[in-house]
>>> print(open('entry-v3.pdb').read())   # PDB, C-alpha atoms
ATOM      1  CA  MET A   1      95.293 115.710 108.802
ATOM      2  CA  THR A   2      97.671 117.683 106.609
ATOM      3  CA  GLY A   3      96.518 119.234 103.361
ATOM      4  CA  ALA A   4      99.035 117.191 101.376
ATOM      5  CA  LEU A   5      97.779 113.929 102.851
ATOM      6  CA  ALA A   6      94.151 114.888 102.187
ATOM      7  CA  VAL A   7      94.943 115.638  98.534
ATOM      8  CA  ASP A   8      96.878 112.387  98.194
ATOM      9  CA  LEU A   9      94.013 110.342  99.647
ATOM     10  CA  ALA A  10      91.419 112.145  97.529
ATOM     11  CA  VAL A  11      93.335 111.616  94.284
ATOM     12  CA  ASN A  12      94.014 107.938  94.982
ATOM     13  CA  GLY A  13      90.366 107.469  95.963
ATOM     14  CA  LEU A  14      89.189 109.066  92.731
ATOM     15  CA  ILE A  15      91.502 106.787  90.733
ATOM     16  CA  THR A  16      90.053 103.741  92.476
ATOM     17  CA  GLY A  17      86.580 105.120  91.801
ATOM     18  CA  LEU A  18      87.317 105.262  88.074
ATOM     19  CA  PHE A  19      87.989 101.518  88.043
ATOM     20  CA  TYR A  20      84.769 100.916  89.967
ATOM     21  CA  ALA A  21      82.889 103.028  87.410
ATOM     22  CA  LEU A  22      84.054 100.822  84.519
ATOM     23  CA  MET A  23      82.420  97.884  86.266
ATOM     24  CA  ALA A  24      79.287  99.632  87.503
ATOM     25  CA  ILE A  25      78.264 101.299  84.224
ATOM     26  CA  GLY A  26      77.658  97.964  82.523
ATOM     27  CA  LEU A  27      75.689  96.568  85.443
ATOM     28  CA  SER A  28      73.582  99.723  85.564
ATOM     29  CA  LEU A  29      72.858  99.526  81.834
ATOM     30  CA  ILE A  30      71.713  95.908  82.058
ATOM     31  CA  PHE A  31      69.385  96.751  84.929
ATOM     32  CA  GLY A  32      68.071  99.755  83.014
ATOM     33  CA  ILE A  33      67.227  97.661  79.953
ATOM     34  CA  LEU A  34      66.111  94.335  81.416
ATOM     35  CA  ARG A  35      65.365  95.242  85.047
ATOM     36  CA  ILE A  36      67.521  92.366  86.242
ATOM     37  CA  VAL A  37      70.757  92.119  88.230
ATOM     38  CA  ASN A  38      73.442  90.179  86.382
ATOM     39  CA  PHE A  39      75.079  87.952  88.994
ATOM     40  CA  ALA A  40      77.744  86.885  86.472
ATOM     41  CA  HIS A  41      79.025  90.457  86.095
ATOM     42  CA  GLY A  42      82.122  89.704  88.167
ATOM     43  CA  GLU A  43      83.026  86.937  85.734
ATOM     44  CA  PHE A  44      83.078  89.484  82.883
ATOM     45  CA  TYR A  45      85.772  91.177  84.951
ATOM     46  CA  MET A  46      87.621  87.864  85.442
ATOM     47  CA  VAL A  47      87.507  87.118  81.709
ATOM     48  CA  GLY A  48      89.148  90.465  80.992
ATOM     49  CA  ALA A  49      91.887  89.956  83.588
ATOM     50  CA  TYR A  50      92.792  86.538  82.142
ATOM     51  CA  ALA A  51      92.456  87.667  78.518
ATOM     52  CA  TYR A  52      94.832  90.596  79.014
ATOM     53  CA  THR A  53      97.364  88.533  80.980
ATOM     54  CA  ILE A  54      97.403  85.557  78.623
ATOM     55  CA  VAL A  55      97.423  87.613  75.417
ATOM     56  CA  ALA A  56     100.229  89.857  76.669
ATOM     57  CA  LEU A  57     102.428  87.237  78.352
ATOM     58  CA  SER A  58     101.786  83.999  76.452
ATOM     59  CA  LEU A  59     101.137  85.359  72.958
ATOM     60  CA  GLY A  60     103.570  88.258  73.210
ATOM     61  CA  VAL A  61     101.094  90.915  72.111
ATOM     62  CA  PRO A  62     102.135  94.444  73.252
ATOM     63  CA  VAL A  63     100.322  95.505  76.412
ATOM     64  CA  TRP A  64      98.701  98.520  74.756
ATOM     65  CA  MET A  65      97.148  96.220  72.143
ATOM     66  CA  SER A  66      96.170  93.601  74.725
ATOM     67  CA  LEU A  67      93.727  96.043  76.340
ATOM     68  CA  PRO A  68      91.380  96.345  73.333
ATOM     69  CA  VAL A  69      91.692  92.587  72.820
ATOM     70  CA  ALA A  70      90.446  92.070  76.381
ATOM     71  CA  PHE A  71      87.581  94.498  75.718
ATOM     72  CA  LEU A  72      86.556  92.626  72.557
ATOM     73  CA  ILE A  73      86.710  89.240  74.285
ATOM     74  CA  GLY A  74      84.575  90.590  77.129
ATOM     75  CA  ALA A  75      82.115  92.086  74.614
ATOM     76  CA  ALA A  76      81.882  88.750  72.783
ATOM     77  CA  PHE A  77      81.308  87.016  76.105
ATOM     78  CA  GLY A  78      78.518  89.473  76.904
ATOM     79  CA  TRP A  79      76.939  88.968  73.485
ATOM     80  CA  LEU A  80      76.936  85.183  73.916
ATOM     81  CA  THR A  81      75.415  85.514  77.384
ATOM     82  CA  GLU A  82      72.583  87.629  76.038
ATOM     83  CA  ARG A  83      71.887  85.510  72.965
ATOM     84  CA  LEU A  84      72.070  82.126  74.669
ATOM     85  CA  LEU A  85      70.716  82.822  78.151
ATOM     86  CA  MET A  86      68.942  86.185  78.369
ATOM     87  CA  ARG A  87      67.049  86.264  75.069
ATOM     88  CA  PRO A  88      64.231  83.982  76.371
ATOM     89  CA  LEU A  89      63.331  86.675  78.918
ATOM     90  CA  TYR A  90      61.823  88.962  76.308
ATOM     91  CA  ALA A  91      61.633  86.949  73.079
ATOM     92  CA  GLY A  92      58.221  85.511  73.828
ATOM     93  CA  TYR A  93      59.397  81.927  74.160
ATOM     94  CA  ALA A  94      57.276  81.419  77.233
ATOM     95  CA  SER A  95      54.792  83.088  79.506
ATOM     96  CA  TRP A  96      56.939  83.990  82.470
ATOM     97  CA  GLY A  97      54.592  85.596  84.941
ATOM     98  CA  LEU A  98      56.329  85.772  88.310
ATOM     99  CA  MET A  99      59.079  83.386  87.117
ATOM    100  CA  ARG A 100      60.872  86.012  85.053
ATOM    101  CA  ASP A 101      62.979  87.439  87.894
ATOM    102  CA  GLU A 102      63.667  83.993  89.318
ATOM    103  CA  TYR A 103      64.887  82.810  85.909
ATOM    104  CA  ALA A 104      67.335  85.720  85.639
ATOM    105  CA  VAL A 105      68.735  85.119  89.117
ATOM    106  CA  ILE A 106      69.148  81.376  88.633
ATOM    107  CA  VAL A 107      70.682  81.654  85.158
ATOM    108  CA  THR A 108      73.174  84.424  85.919
ATOM    109  CA  PHE A 109      74.142  82.928  89.287
ATOM    110  CA  GLY A 110      74.584  79.528  87.631
ATOM    111  CA  LEU A 111      76.690  81.063  84.879
ATOM    112  CA  SER A 112      78.900  82.675  87.502
ATOM    113  CA  LEU A 113      79.545  79.376  89.280
ATOM    114  CA  PHE A 114      80.062  77.538  85.993
ATOM    115  CA  LEU A 115      82.711  79.997  84.762
ATOM    116  CA  ILE A 116      84.594  80.072  88.062
ATOM    117  CA  ASN A 117      84.846  76.283  88.107
ATOM    118  CA  LEU A 118      85.631  76.107  84.385
ATOM    119  CA  VAL A 119      88.583  78.485  84.723
ATOM    120  CA  ASP A 120      89.725  76.725  87.890
ATOM    121  CA  LYS A 121      89.864  73.401  86.024
ATOM    122  CA  ALA A 122      91.248  74.742  82.757
ATOM    123  CA  ILE A 123      93.902  77.180  84.015
ATOM    124  CA  GLY A 124      94.262  76.346  87.683
ATOM    125  CA  PRO A 125      93.582  78.128  90.967
ATOM    126  CA  TYR A 126      96.884  80.000  90.953
ATOM    127  CA  ALA A 127      96.937  83.767  90.482
ATOM    128  CA  MET A 128      98.484  85.239  87.328
ATOM    129  CA  ARG A 129      99.922  88.761  87.375
ATOM    130  CA  GLY A 130      99.488  90.808  84.231
ATOM    131  CA  PRO A 131     102.227  93.095  82.865
ATOM    132  CA  THR A 132     102.154  96.782  83.822
ATOM    133  CA  LEU A 133     101.325  99.396  81.209
ATOM    134  CA  VAL A 134     104.457 101.444  81.897
ATOM    135  CA  ASP A 135     107.829 100.667  83.449
ATOM    136  CA  VAL A 136     107.697 103.692  85.758
ATOM    137  CA  SER A 137     107.177 102.436  89.316
ATOM    138  CA  ARG A 138     106.297 105.774  90.970
ATOM    139  CA  VAL A 139     105.225 109.207  89.757
ATOM    140  CA  THR A 140     105.414 112.269  92.019
ATOM    141  CA  ILE A 141     103.027 115.141  91.288
ATOM    142  CA  GLY A 142     103.503 117.786  93.966
ATOM    143  CA  PRO A 143     102.604 116.124  97.271
ATOM    144  CA  ILE A 144     100.993 113.132  95.530
ATOM    145  CA  LEU A 145     102.767 109.816  95.010
ATOM    146  CA  ILE A 146     101.098 107.446  92.519
ATOM    147  CA  SER A 147     102.292 104.241  90.884
ATOM    148  CA  GLY A 148     103.023 104.678  87.196
ATOM    149  CA  HIS A 149     100.674 101.860  86.220
ATOM    150  CA  ARG A 150      97.742 103.250  88.234
ATOM    151  CA  LEU A 151      98.248 106.707  86.740
ATOM    152  CA  ALA A 152      98.341 105.355  83.174
ATOM    153  CA  ALA A 153      95.365 103.077  83.842
ATOM    154  CA  ALA A 154      93.396 105.994  85.329
ATOM    155  CA  GLY A 155      94.015 108.105  82.216
ATOM    156  CA  ILE A 156      92.795 105.281  79.985
ATOM    157  CA  ALA A 157      89.775 104.682  82.237
ATOM    158  CA  ILE A 158      88.744 108.357  81.929
ATOM    159  CA  ILE A 159      88.901 108.126  78.122
ATOM    160  CA  VAL A 160      86.901 104.883  78.026
ATOM    161  CA  ILE A 161      84.239 106.134  80.477
ATOM    162  CA  ALA A 162      83.874 109.436  78.603
ATOM    163  CA  THR A 163      83.588 107.587  75.286
ATOM    164  CA  ALA A 164      80.969 105.182  76.625
ATOM    165  CA  ALA A 165      78.964 108.028  78.192
ATOM    166  CA  ALA A 166      79.098 110.031  74.946
ATOM    167  CA  LEU A 167      77.960 107.028  72.897
ATOM    168  CA  ILE A 168      75.036 106.414  75.244
ATOM    169  CA  LYS A 169      74.094 110.112  75.229
ATOM    170  CA  TRP A 170      74.446 111.087  71.573
ATOM    171  CA  SER A 171      74.877 108.072  69.281
ATOM    172  CA  PHE A 172      72.013 106.476  67.347
ATOM    173  CA  TRP A 173      72.433 103.201  69.248
ATOM    174  CA  GLY A 174      72.671 105.054  72.551
ATOM    175  CA  LYS A 175      69.373 106.846  71.936
ATOM    176  CA  GLN A 176      67.725 103.519  71.158
ATOM    177  CA  ILE A 177      69.108 102.011  74.359
ATOM    178  CA  ARG A 178      67.784 104.918  76.438
ATOM    179  CA  ALA A 179      64.411 104.640  74.760
ATOM    180  CA  VAL A 180      64.190 100.929  75.582
ATOM    181  CA  ALA A 181      65.258 101.636  79.164
ATOM    182  CA  GLN A 182      62.439 104.187  79.564
ATOM    183  CA  ASN A 183      59.684 102.062  78.047
ATOM    184  CA  ARG A 184      60.407  98.761  76.337
ATOM    185  CA  LEU A 185      56.934  98.312  74.884
ATOM    186  CA  GLY A 186      56.738 101.911  73.700
ATOM    187  CA  ALA A 187      60.150 101.665  72.069
ATOM    188  CA  SER A 188      59.093  98.464  70.318
ATOM    189  CA  LEU A 189      55.918 100.118  69.005
ATOM    190  CA  ALA A 190      58.070 102.982  67.721
ATOM    191  CA  GLY A 191      60.030 100.528  65.575
ATOM    192  CA  ILE A 192      63.112 100.078  67.744
ATOM    193  CA  ASP A 193      64.604  96.595  67.720
ATOM    194  CA  THR A 194      64.579  96.006  71.481
ATOM    195  CA  ALA A 195      66.349  92.645  71.219
ATOM    196  CA  ARG A 196      69.240  94.263  69.359
ATOM    197  CA  ALA A 197      69.401  97.034  71.966
ATOM    198  CA  SER A 198      69.676  94.377  74.672
ATOM    199  CA  SER A 199      72.503  92.662  72.770
ATOM    200  CA  ILE A 200      74.389  95.954  72.488
ATOM    201  CA  VAL A 201      73.990  96.610  76.206
ATOM    202  CA  PHE A 202      75.335  93.179  77.133
ATOM    203  CA  MET A 203      78.257  93.610  74.736
ATOM    204  CA  LEU A 204      79.105  97.021  76.193
ATOM    205  CA  SER A 205      78.686  95.741  79.736
ATOM    206  CA  GLY A 206      80.942  92.736  79.114
ATOM    207  CA  GLY A 207      83.535  94.864  77.345
ATOM    208  CA  LEU A 208      83.724  97.516  80.073
ATOM    209  CA  ALA A 209      83.948  94.984  82.903
ATOM    210  CA  ALA A 210      86.618  93.018  81.022
ATOM    211  CA  PHE A 211      88.511  96.259  80.401
ATOM    212  CA  ALA A 212      88.459  96.993  84.145
ATOM    213  CA  GLY A 213      89.806  93.514  84.839
ATOM    214  CA  ALA A 214      92.574  94.009  82.282
ATOM    215  CA  LEU A 215      93.623  97.373  83.735
ATOM    216  CA  LEU A 216      93.777  95.995  87.272
ATOM    217  CA  SER A 217      95.283  92.569  86.557
ATOM    218  CA  PRO A 218      98.839  93.836  87.325
ATOM    219  CA  VAL A 219      97.553  95.015  90.726
ATOM    220  CA  ILE A 220      95.091  92.375  91.890
ATOM    221  CA  ASN A 221      96.216  89.394  89.715
ATOM    222  CA  ALA A 222      93.935  87.177  87.652
ATOM    223  CA  SER A 223      92.368  84.229  89.488
ATOM    224  CA  PRO A 224      89.068  82.316  89.180
ATOM    225  CA  ASP A 225      87.385  84.244  92.010
ATOM    226  CA  VAL A 226      88.916  87.659  91.323
ATOM    227  CA  GLY A 227      85.592  89.113  90.185
ATOM    228  CA  ALA A 228      83.745  88.558  93.474
ATOM    229  CA  PHE A 229      84.627  91.787  95.308
ATOM    230  CA  PRO A 230      84.416  94.082  92.259
ATOM    231  CA  ALA A 231      80.980  92.642  91.498
ATOM    232  CA  ILE A 232      79.751  93.238  95.064
ATOM    233  CA  LYS A 233      80.986  96.823  94.920
ATOM    234  CA  SER A 234      79.286  97.285  91.575
ATOM    235  CA  TYR A 235      75.969  96.183  93.081
ATOM    236  CA  ILE A 236      76.459  98.686  95.920
ATOM    237  CA  ILE A 237      77.340 101.477  93.479
ATOM    238  CA  VAL A 238      74.324 100.836  91.267
ATOM    239  CA  VAL A 239      72.030 101.193  94.293
ATOM    240  CA  LEU A 240      73.875 104.287  95.574
ATOM    241  CA  GLY A 241      73.723 105.979  92.195
ATOM    242  CA  GLY A 242      70.109 105.066  91.509
ATOM    243  CA  MET A 243      69.093 101.835  89.777
ATOM    244  CA  GLY A 244      69.727 102.158  86.048
ATOM    245  CA  SER A 245      71.333 105.624  86.187
ATOM    246  CA  VAL A 246      74.706 105.772  84.402
ATOM    247  CA  PRO A 247      75.639 109.286  85.676
ATOM    248  CA  GLY A 248      74.612 108.186  89.157
ATOM    249  CA  SER A 249      76.830 105.098  88.910
ATOM    250  CA  ILE A 250      79.850 107.190  87.875
ATOM    251  CA  ILE A 251      79.434 109.685  90.728
ATOM    252  CA  ALA A 252      78.721 106.926  93.262
ATOM    253  CA  SER A 253      81.870 105.084  92.106
ATOM    254  CA  LEU A 254      84.041 108.147  92.705
ATOM    255  CA  LEU A 255      82.345 108.773  96.059
ATOM    256  CA  LEU A 256      82.926 105.187  97.192
ATOM    257  CA  GLY A 257      86.565 105.292  96.099
ATOM    258  CA  VAL A 258      87.228 108.474  98.118
ATOM    259  CA  ILE A 259      85.409 107.181 101.212
ATOM    260  CA  GLU A 260      87.372 103.925 101.116
ATOM    261  CA  SER A 261      90.628 105.841 100.702
ATOM    262  CA  PHE A 262      90.025 108.083 103.727
ATOM    263  CA  GLY A 263      88.446 105.334 105.800
ATOM    264  CA  ALA A 264      91.382 102.972 105.258
ATOM    265  CA  VAL A 265      93.769 105.555 106.724
ATOM    266  CA  TYR A 266      91.691 107.131 109.492
ATOM    267  CA  LEU A 267      89.565 104.187 110.588
ATOM    268  CA  SER A 268      91.049 100.842 109.626
ATOM    269  CA  TYR A 269      92.396  99.317 106.429
ATOM    270  CA  ASP A 270      91.036  95.936 107.531
ATOM    271  CA  TYR A 271      87.476  97.228 107.098
ATOM    272  CA  ARG A 272      88.118  98.996 103.784
ATOM    273  CA  ASP A 273      85.706  96.775 101.889
ATOM    274  CA  ALA A 274      82.999  97.256 104.531
ATOM    275  CA  PHE A 275      82.729 101.040 104.157
ATOM    276  CA  GLY A 276      80.632 100.653 101.038
ATOM    277  CA  LEU A 277      78.159  98.458 102.893
ATOM    278  CA  GLY A 278      77.903 101.071 105.647
ATOM    279  CA  LEU A 279      77.255 103.769 103.067
ATOM    280  CA  LEU A 280      74.658 101.547 101.413
ATOM    281  CA  MET A 281      72.827 101.109 104.726
ATOM    282  CA  LEU A 282      72.695 104.896 105.221
ATOM    283  CA  PHE A 283      71.292 105.403 101.728
ATOM    284  CA  LEU A 284      68.683 102.689 102.196
ATOM    285  CA  LEU A 285      67.558 104.405 105.397
ATOM    286  CA  PHE A 286      67.502 108.032 104.233
ATOM    287  CA  ARG A 287      67.506 107.987 100.403
ATOM    288  CA  PRO A 288      66.576 104.521  99.130
ATOM    289  CA  GLN A 289      66.154 105.740  95.540
ATOM    290  CA  GLY A 290      69.880 106.600  95.373
ATOM    291  CA  LEU A 291      71.559 109.779  94.145
ATOM    292  CA  PHE A 292      69.839 109.992  90.757
ATOM    293  CA  GLY A 293      66.934 107.610  91.210
ATOM    294  CA  GLU A 294      63.299 108.537  91.601
ATOM    295  CA  LYS A 295      60.899 107.338  94.242
ATOM    296  CA  GLY A 296      58.618 104.591  93.038
ATOM    297  CA  ARG A 297      54.908 105.210  92.950
ATOM    298  CA  GLU A 298      52.002 102.812  93.105
ATOM    299  CA  VAL A 299      48.712 103.661  91.359
TER     300      VAL A 299
END
>>> encode(input="entry-v3.pdb", output="structure tokens")
Amino acid sequence: MTGALAVDLAVNGLITGLFYALMAIGLSLIFGILRIVNFAHGEFYMVGAYAYTIVALSLGVPVWMSLPVAFLIGAAFGWLTERLLMRPLYAGYASWGLMRDEYAVIVTFGLSLFLINLVDKAIGPYAMRGPTLVDVSRVTIGPILISGHRLAAAGIAIIVIATAAALIKWSFWGKQIRAVAQNRLGASLAGIDTARASSIVFMLSGGLAAFAGALLSPVINASPDVGAFPAIKSYIIVVLGGMGSVPGSIIASLLLGVIESFGAVYLSYDYRDAFGLGLLMLFLLFRPQGLFGEKGREV
């Protein structure tokens, strides 16, 4: 392997990892707050891909303005999901007992199927390609060759991820979210509105996933089932990084992107999507708590 090829593969893998991170952060936040896995997370991604494509192509909105529109639509979708479907989990509407986890799985999985079929009927099963962010087809940086759209999208993804991480770390709302994630009852006793924190998390999760779908719609096209693979990879990343850990999800996303990039060239491109599953199996065997997770204890 030449040094130039190794650098090229590493850079392209890191760029892919940035897109994975946009998806995985939201899923990790939802698990951290509610301790559930959102099986409709891939449909947040699909909503963003369609929103960006339709707003930019059918309504004629400039592509740079279509991105925040896709984020806002995804955030609104996340807010509605939390208010209409997730709120009963912690609002005291019923005594859940062991049914709480089952309810979350059934509702989010049902929402996923409902949205896929709704879009299939309303728009059709045909793929729609979104417009690229820039007209430059290829950019050469030393030995590295990158498509202009991927390079621009990667720059935007870094800004969005850094902004989201800073908000979670230092903002007033971010501190409340982290407090609820650590101890929901304790945060409630301290006067934190835990229901509002959950709404914010779902809005942020929906917005970030939709933003990822918008950035990648010129590459992977928008279709009813486009969110399936990104969602599966997000689940893998959340486990690799440590359930509920945002820094862990970001590092695991970059790691997975690099491994897929090298594996596609030196092993087989046909198994590119399987490398993550192999990595997940290794982690479950030797470090089941993930990169930043802690071992569970029973007392």
>>> residues_near_point(input="entry-v3.pdb", point="(94.3, 103.2, 76.0)", cutoff="8 Å", atoms="only C-alpha atoms", output="list of chain:residue names")
A:Trp64, A:Leu67, A:Pro68, A:Ala153, A:Gly155, A:Ile156, A:Ala157, A:Ile159, A:Val160
>>> residues_around(input="entry-v3.pdb", residues="region 276-287 of chain A", least_positions_apart="4", cutoff="12 Å", atoms="all atoms listed in the file", output="ChimeraX atom specification")
/A:17,20,229-230,232-242,252-261,263-264,271-272,291-295
>>> closest_residue(input="entry-v3.pdb", among="A:Asn12, A:Thr140, A:Gln289, A:Ser205", to="Phe44 (chain A)", atoms="only C-alpha atoms")
A:Ser205
>>> residues_around(input="entry-v3.pdb", residues="Ile54 (chain A)", least_positions_apart="5", cutoff="9 Å", atoms="all atoms listed in the file", output="ChimeraX atom specification")
/A:49,59-60,128,130
>>> atom_distance(input="entry-v3.pdb", atom1="CA of Ile36 (chain A)", atom2="CA of Ser249 (chain A)")
16.0 Å
>>> resolve_selection(input="entry-v3.pdb", expression="the PyMOL selection byres ((chain A and resi 40) around 8)", output="MDAnalysis selection string")
chainID A and resid 38:39 41:44 108:109 111:112
>>> write_last_selection(input="entry-v3.pdb", atoms="C-alpha atoms", output="PDB file, in the frame of the given file")
ATOM      1  CA  ASN A  38      73.442  90.179  86.382  1.00  0.00           C
ATOM      2  CA  PHE A  39      75.079  87.952  88.994  1.00  0.00           C
ATOM      3  CA  HIS A  41      79.025  90.457  86.095  1.00  0.00           C
ATOM      4  CA  GLY A  42      82.122  89.704  88.167  1.00  0.00           C
ATOM      5  CA  GLU A  43      83.026  86.937  85.734  1.00  0.00           C
ATOM      6  CA  PHE A  44      83.078  89.484  82.883  1.00  0.00           C
ATOM      7  CA  THR A 108      73.174  84.424  85.919  1.00  0.00           C
ATOM      8  CA  PHE A 109      74.142  82.928  89.287  1.00  0.00           C
ATOM      9  CA  LEU A 111      76.690  81.063  84.879  1.00  0.00           C
ATOM     10  CA  SER A 112      78.900  82.675  87.502  1.00  0.00           C
TER      11      SER A 112
END
>>> closest_residue(input="entry-v3.pdb", among="A:Leu151, A:Pro131, A:Gly290, A:Phe114", to="Gly244 (chain A)", atoms="only C-alpha atoms")
A:Gly290
>>> atom_distance(input="entry-v3.pdb", atom1="CA of Arg87 (chain A)", atom2="CA of Leu113 (chain A)")
20.1 Å
>>> build_atoms(input="entry-v3.pdb", residues="region 108-120 of chain A", atoms="N, CA and C atoms", output="CSV table (one decimal), in the coordinates of the input")
chain,number,residue,atom,x,y,z
A,108,THR,N,71.9,83.7,85.8
A,108,THR,CA,73.2,84.4,85.9
A,108,THR,C,74.0,83.9,87.1
A,109,PHE,N,73.4,83.5,88.2
A,109,PHE,CA,74.1,82.9,89.3
A,109,PHE,C,74.8,81.6,88.9
A,110,GLY,N,74.0,80.8,88.1
A,110,GLY,CA,74.6,79.5,87.6
A,110,GLY,C,75.7,79.7,86.7
A,111,LEU,N,75.6,80.8,85.8
A,111,LEU,CA,76.7,81.1,84.9
A,111,LEU,C,77.9,81.5,85.6
A,112,SER,N,77.8,82.3,86.7
A,112,SER,CA,78.9,82.7,87.5
A,112,SER,C,79.6,81.5,88.1
A,113,LEU,N,78.9,80.6,88.7
A,113,LEU,CA,79.5,79.4,89.3
A,113,LEU,C,80.2,78.5,88.2
A,114,PHE,N,79.5,78.4,87.1
A,114,PHE,CA,80.1,77.5,86.0
A,114,PHE,C,81.4,78.1,85.5
A,115,LEU,N,81.5,79.4,85.3
A,115,LEU,CA,82.7,80.0,84.8
A,115,LEU,C,83.9,79.9,85.8
A,116,ILE,N,83.5,80.2,87.0
A,116,ILE,CA,84.6,80.1,88.1
A,116,ILE,C,85.2,78.7,88.1
A,117,ASN,N,84.3,77.7,88.1
A,117,ASN,CA,84.8,76.3,88.1
A,117,ASN,C,85.5,75.9,86.8
A,118,LEU,N,85.0,76.4,85.7
A,118,LEU,CA,85.6,76.1,84.4
A,118,LEU,C,87.1,76.6,84.3
A,119,VAL,N,87.2,77.9,84.7
A,119,VAL,CA,88.6,78.5,84.7
A,119,VAL,C,89.5,77.8,85.7
A,120,ASP,N,88.9,77.4,86.9
A,120,ASP,CA,89.7,76.7,87.9
A,120,ASP,C,90.3,75.4,87.3
